[in-house]
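Note: the block below is input.txt and it holds compact mmCIF, C-alpha atoms and all ligand atoms.
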# COMPACT_ATOMS: atom_id res chain seq x y z
CA MET E 1 0.00 0.00 0.00
CA ALA E 2 1.38 3.39 -0.95
CA SER E 3 2.10 5.66 1.96
CA ALA E 4 0.12 8.88 2.17
CA TYR E 5 3.37 10.56 3.12
CA VAL E 6 5.05 9.84 -0.19
CA VAL E 7 4.45 12.68 -2.64
CA SER E 8 5.32 12.69 -6.31
CA VAL E 9 7.34 15.76 -7.16
CA ALA E 10 8.06 14.95 -10.80
CA ARG E 11 6.22 18.04 -12.02
CA LEU E 12 7.85 20.25 -9.40
CA GLN E 13 11.28 19.20 -10.55
CA ARG E 14 10.46 19.53 -14.23
CA GLU E 15 8.99 23.00 -13.93
CA ALA E 16 11.13 24.53 -11.22
CA PRO E 17 10.32 26.93 -9.77
CA ALA E 18 6.88 25.50 -9.09
CA VAL E 19 4.57 25.00 -6.15
CA LEU E 20 2.65 21.96 -4.92
CA ASP E 21 0.24 22.10 -2.01
CA VAL E 22 -0.20 18.87 -0.10
CA ASP E 23 -2.99 18.50 2.42
CA PHE E 24 -3.77 15.09 3.90
CA GLN E 25 -4.47 13.13 7.04
CA ALA E 26 -2.69 9.90 7.79
CA PRO E 27 -1.92 7.62 10.72
CA PHE E 28 1.04 8.88 12.69
CA ASP E 29 4.00 6.62 12.20
CA ALA E 30 5.59 6.58 15.65
CA ALA E 31 8.01 3.81 14.71
CA ARG E 32 9.60 5.98 12.06
CA ASP E 33 12.24 7.32 14.40
CA GLY E 34 15.50 5.46 13.89
CA GLY E 35 16.96 6.38 17.25
CA GLY E 36 13.94 5.66 19.42
CA ALA E 37 11.46 8.17 20.74
CA PRO E 38 12.91 10.96 22.86
CA PRO E 39 12.18 10.72 26.57
CA THR E 40 9.21 12.99 27.09
CA ALA E 41 6.27 13.05 29.46
CA SER E 42 3.90 12.97 26.51
CA ASP E 43 3.50 10.96 23.36
CA VAL E 44 1.30 10.60 20.32
CA PRO E 45 -1.17 7.79 21.09
CA ASP E 46 -1.03 4.73 18.87
CA GLY E 47 -3.29 4.98 15.85
CA SER E 48 -3.53 8.78 16.01
CA VAL E 49 -4.19 10.66 12.82
CA VAL E 50 -1.93 13.55 11.92
CA SER E 51 -2.97 16.42 9.66
CA VAL E 52 -0.37 17.66 7.22
CA ALA E 53 -0.75 20.91 5.27
CA LEU E 54 2.43 21.83 3.44
CA ARG E 55 3.44 23.88 0.45
CA LEU E 56 6.33 22.40 -1.51
CA GLU E 57 8.31 24.86 -3.60
CA SER E 58 11.01 23.71 -5.95
CA TYR E 59 14.26 25.55 -6.30
CA ASP E 60 17.46 24.61 -8.05
CA GLY E 61 18.62 21.43 -6.33
CA GLY E 62 15.79 20.86 -3.93
CA LEU E 63 12.44 21.61 -2.39
CA ARG E 64 11.33 23.84 0.41
CA ALA E 65 8.48 22.55 2.57
CA ARG E 66 6.52 25.05 4.63
CA GLY E 67 3.29 24.71 6.51
CA THR E 68 1.71 23.08 9.52
CA VAL E 69 1.57 19.63 11.03
CA ARG E 70 -1.05 18.81 13.67
CA ALA E 71 -1.23 15.75 15.88
CA PRO E 72 -2.90 14.78 19.14
CA TRP E 73 -0.78 14.05 22.17
CA ARG E 74 -1.44 12.40 25.51
CA GLY E 75 0.60 12.83 28.63
CA THR E 76 0.56 12.96 32.40
CA CYS E 77 0.15 16.15 34.41
CA ARG E 78 3.47 16.71 36.15
CA ARG E 79 1.76 17.88 39.35
CA CYS E 80 -1.40 15.77 39.82
CA LEU E 81 -0.65 12.85 37.46
CA VAL E 82 -4.00 12.88 35.65
CA THR E 83 -4.00 12.06 31.96
CA VAL E 84 -3.85 15.16 29.80
CA ASP E 85 -4.77 15.34 26.13
CA GLY E 86 -3.74 18.08 23.76
CA GLN E 87 -2.93 19.03 20.20
CA VAL E 88 0.51 19.66 18.79
CA GLU E 89 0.62 22.29 16.10
CA ALA E 90 4.07 22.42 14.57
CA ARG E 91 5.19 25.07 12.10
CA VAL E 92 7.39 23.55 9.46
CA ASP E 93 10.01 25.20 7.28
CA GLU E 94 12.45 22.61 5.99
CA ARG E 95 14.36 21.69 2.87
CA PHE E 96 14.58 18.49 0.89
CA VAL E 97 17.67 18.08 -1.21
CA HIS E 98 17.98 15.64 -4.07
CA GLY E 99 20.50 12.81 -4.00
CA GLU E 100 23.24 12.57 -1.40
CA PRO E 101 24.19 16.17 -0.69
CA ASP E 102 26.63 17.27 1.94
CA ASP E 103 23.92 19.09 3.84
CA GLU E 104 23.16 17.87 7.34
CA LEU E 105 20.27 20.27 7.84
CA ALA E 106 18.21 19.08 4.90
CA TYR E 107 16.10 15.99 4.36
CA ARG E 108 16.97 13.88 1.35
CA TYR E 109 14.95 12.44 -1.46
CA GLN E 110 15.64 10.29 -4.45
CA GLY E 111 14.00 10.16 -7.85
CA ASP E 112 10.62 11.80 -8.23
CA GLU E 113 9.22 11.08 -4.79
CA VAL E 114 9.54 12.81 -1.44
CA ASP E 115 8.74 10.91 1.74
CA LEU E 116 7.33 13.45 4.19
CA ALA E 117 7.11 10.96 7.06
CA PRO E 118 10.50 11.77 8.67
CA LEU E 119 9.75 15.50 8.56
CA VAL E 120 6.29 15.00 10.06
CA HIS E 121 7.71 12.74 12.74
CA ASP E 122 10.45 15.19 13.73
CA ALA E 123 8.12 18.20 13.69
CA VAL E 124 5.62 16.51 16.00
CA PHE E 125 8.19 15.15 18.45
CA LEU E 126 9.90 18.53 18.76
CA GLU E 127 6.62 20.09 19.86
CA LEU E 128 5.52 17.47 22.38
CA PRO E 129 5.26 19.04 25.84
CA LEU E 130 8.08 17.92 28.12
CA ALA E 131 6.24 18.68 31.35
CA PRO E 132 2.50 18.81 30.70
CA LEU E 133 0.07 20.45 33.08
CA CYS E 134 -3.65 19.65 33.22
CA ARG E 135 -4.19 23.38 33.71
CA PRO E 136 -1.82 26.26 34.46
CA ASP E 137 -2.85 26.54 38.11
CA CYS E 138 -2.97 22.82 38.91
CA GLN E 139 -2.60 22.45 42.69
CA GLY E 140 -1.02 19.02 42.47
CA LEU E 141 -1.07 16.17 44.93
CA CYS E 142 -0.40 16.62 48.64
CA PRO E 143 3.10 15.24 49.22
CA GLN E 144 1.98 13.84 52.58
CA CYS E 145 -1.44 12.23 52.10
CA GLY E 146 -1.54 12.07 48.32
CA ALA E 147 -4.90 13.87 48.10
CA ASP E 148 -5.63 15.71 44.87
CA ARG E 149 -5.64 19.31 46.00
CA ASN E 150 -7.58 20.30 42.88
CA VAL E 151 -10.55 18.36 44.27
CA ALA E 152 -10.41 19.41 47.91
CA PRO E 153 -7.80 20.87 50.21
CA CYS E 154 -6.54 18.35 52.74
CA ALA E 155 -5.84 19.00 56.40
CA CYS E 156 -2.15 18.28 56.16
CA ARG E 157 0.26 20.91 57.34
CA ALA E 158 3.73 21.22 55.97
CA PRO E 159 6.10 19.35 58.27
CA SER E 160 8.13 21.61 60.47
CA ASP E 161 11.67 21.84 59.26
CA PRO E 162 14.06 22.78 62.08
CA ARG E 163 16.21 24.67 59.62
CA TRP E 164 13.44 27.26 59.25
CA ASP E 165 12.72 27.71 62.96
CA THR E 166 15.33 30.45 63.35
CA LEU E 167 14.04 32.18 60.27
CA ASP E 168 10.46 32.09 61.57
CA ALA E 169 11.63 33.58 64.83
CA LEU E 170 13.39 36.38 62.99
CA ARG E 171 10.34 37.08 60.90
CA PHE E 172 8.23 37.18 64.06
CA ASP E 173 10.55 39.79 65.56
CA VAL E 174 10.29 41.96 62.48
CA GLU E 175 6.51 41.71 62.37
CA THR E 176 6.07 42.66 66.02
CA GLY E 177 8.64 45.39 65.75
CA GLY E 178 10.81 43.63 68.29
CA THR E 179 14.25 45.16 68.52
CA ASP E 180 16.25 43.23 71.01
CA SER E 181 19.55 43.70 69.27
CA ALA E 182 22.42 44.26 71.60
ZN ZN E 201 -2.74 18.56 37.21
ZN ZN E 202 -2.62 16.04 52.56
Now, as a test, write the supplied structure out as structure tokens.
Amino acid sequence: MASAYVVSVARLQREAPAVLDVDFQAPFDAARDGGGAPPTASDVPDGSVVSVALRLESYDGGLRARGTVRAPWRGTCRRCLVTVDGQVEARVDERFVHGEPDDELAYRYQGDEVDLAPLVHDAVFLELPLAPLCRPDCQGLCPQCGADRNVAPCACRAPSDPRWDTLDALRFDVETGGTDSA
């Protein structure tokens, strides 16, 4: 089965400079990454569909790909550990160079076809949130009783840390205007 990510650019190459708009949805290929997925707190769920809207422009020796890639992500709130869902929207501006060029920053293609899958994969993974939050003001879990403080405040009090006792005393002096300096 032909991959939706593989685009024929025969006309683009023949008529350079020319423009080709590609707009499609396809299953996200998470296994595409050669080096394994980066360690993040979020991922694209299996079977997710990614939306790709790119404009390919040919220039002498290659193609420029600009546009947007959208994909759903799922992660874990870093404070309260609930599952969080979101959308990645990655802006893309990359180059594809024909053959085996000495250009580390460009994607490669051979013949008349460009495989957009590596670009889509990289664009999505770069935008995945590293430390998701379920909402900006998430109160998190109580470190003592584990209660979800978004649901209800618990009765726990922060444990007294002897290192702060002196500081509290000092603060008390300031607040009451105490001046017992020698
Ligand atoms: Zn949360
Ligand atoms: Zn608690």
Exercise for review: Collect all residues with atoms no farther than 10 Å from ligand ZN 201 (chain E), counting only C-alpha atoms and all ligand atoms, and output them as a VMD selection string.
Suggested key: chain E and resid 76 to 84 132 to 141 148 to 150
Report, as JSON, the centre and edge lengths in Å (one decimal) of the axis-aligned box enclosing every listed atom of region 51-67 of chain E, padded by 6 Å on each side.
{"center_x": 7.8, "center_y": 21.0, "center_z": 0.8, "size_x": 33.6, "size_y": 21.1, "size_z": 29.7}
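When CA of Ser42 (chain E) is paired with CA of His121 (chain E), their separation reads 14.3 Å.
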Can you build me a table of chain E residues sitting at most 6 Å from ligand ZN 202 (chain E), with the closest atom pair per residue and its distance in Å to one decimal, using all atoms listed in the file, sorted by chain and residue number, as CSV?
residue,atom,partner,partner_atom,distance
E:Cys142,CA,E:ZN202,ZN,4.5
E:Gln144,CA,E:ZN202,ZN,5.1
E:Cys145,CA,E:ZN202,ZN,4.0
E:Gly146,CA,E:ZN202,ZN,5.9
E:Ala147,CA,E:ZN202,ZN,5.5
E:Cys154,CA,E:ZN202,ZN,4.6
E:Ala155,CA,E:ZN202,ZN,5.8
E:Cys156,CA,E:ZN202,ZN,4.3
Point to revise | Distance criterion (all atoms listed in the file): nearest to Pro72 (chain E) out of E:Glu57, E:Asp115, E:Asp23, E:Glu127 | key: E:Glu127
Using all atoms listed in the file, I'd like a table of the residues in region 26-95 of chain E that come within 9 Å of region 116-120 of chain E; for each, show the closest atom pair and its distance in Å rounded to one decimal, ordered by chain and ascending number, as JSON lines.
{"residue": "E:Phe28", "atom": "CA", "partner": "E:Val120", "partner_atom": "CA", "distance": 8.5}
{"residue": "E:Asp29", "atom": "CA", "partner": "E:Ala117", "partner_atom": "CA", "distance": 7.4}
{"residue": "E:Arg32", "atom": "CA", "partner": "E:Pro118", "partner_atom": "CA", "distance": 6.8}
{"residue": "E:Asp33", "atom": "CA", "partner": "E:Pro118", "partner_atom": "CA", "distance": 7.5}
{"residue": "E:Val50", "atom": "CA", "partner": "E:Val120", "partner_atom": "CA", "distance": 8.6}
{"residue": "E:Val52", "atom": "CA", "partner": "E:Val120", "partner_atom": "CA", "distance": 7.7}
{"residue": "E:Val69", "atom": "CA", "partner": "E:Val120", "partner_atom": "CA", "distance": 6.7}
{"residue": "E:Ala90", "atom": "CA", "partner": "E:Val120", "partner_atom": "CA", "distance": 9.0}
{"residue": "E:Val92", "atom": "CA", "partner": "E:Leu119", "partner_atom": "CA", "distance": 8.4}
{"residue": "E:Glu94", "atom": "CA", "partner": "E:Leu119", "partner_atom": "CA", "distance": 8.0}
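If you look at CA of Arg91 (chain E) and CA of Thr68 (chain E), they are 4.8 Å away from each other.
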Point to revise | Contact residues around Asp85 (chain E) with all atoms listed in the file at 8 Å, ignoring same-chain residues under 3 positions, as a list of chain:residue names | key: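 Contacts, with the query itself left out: E:Pro72, E:Trp73, E:Arg74, E:Gly75.
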Point to revise | Minimum-distance residue to Ala53 (chain E), chosen among E:Ala41, E:Ala65, E:Val151, E:Val88 (using all atoms listed in the file) | key: E:Ala65
Review point. Pick the closest to Val7 (chain E) from E:Gly67, E:Leu130, E:Glu113, E:Ala152: which is it, counting only C-alpha atoms?
Key: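 Smallest separation from Val7 (chain E) among the options: E:Glu113.
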Check your understanding: Rounded to one decimal in Å, what is the spacing between CA of Asp43 (chain E) and CA of Arg66 (chain E)?
Key ->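 Distance between the two atoms: 23.6 Å.
Among E:Leu12, E:Val22, E:Ala71, E:Leu54, the residue with the shortest atom-to-atom distance to Val124 (chain E), counting all atoms listed in the file, is E:Ala71.
Comparing E:Arg14, E:Arg95, E:Arg108, E:Arg157 by their smallest distance to Leu56 (chain E), the closest is E:Arg95 (using only C-alpha atoms).
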Point to revise | Pick from E:Pro129, E:Pro153, E:Gly111, E:Pro17, whichever lies nearest to Arg64 (chain E) using only C-alpha atoms | key: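 Ranked by minimum distance to Arg64 (chain E), first place goes to E:Pro17.
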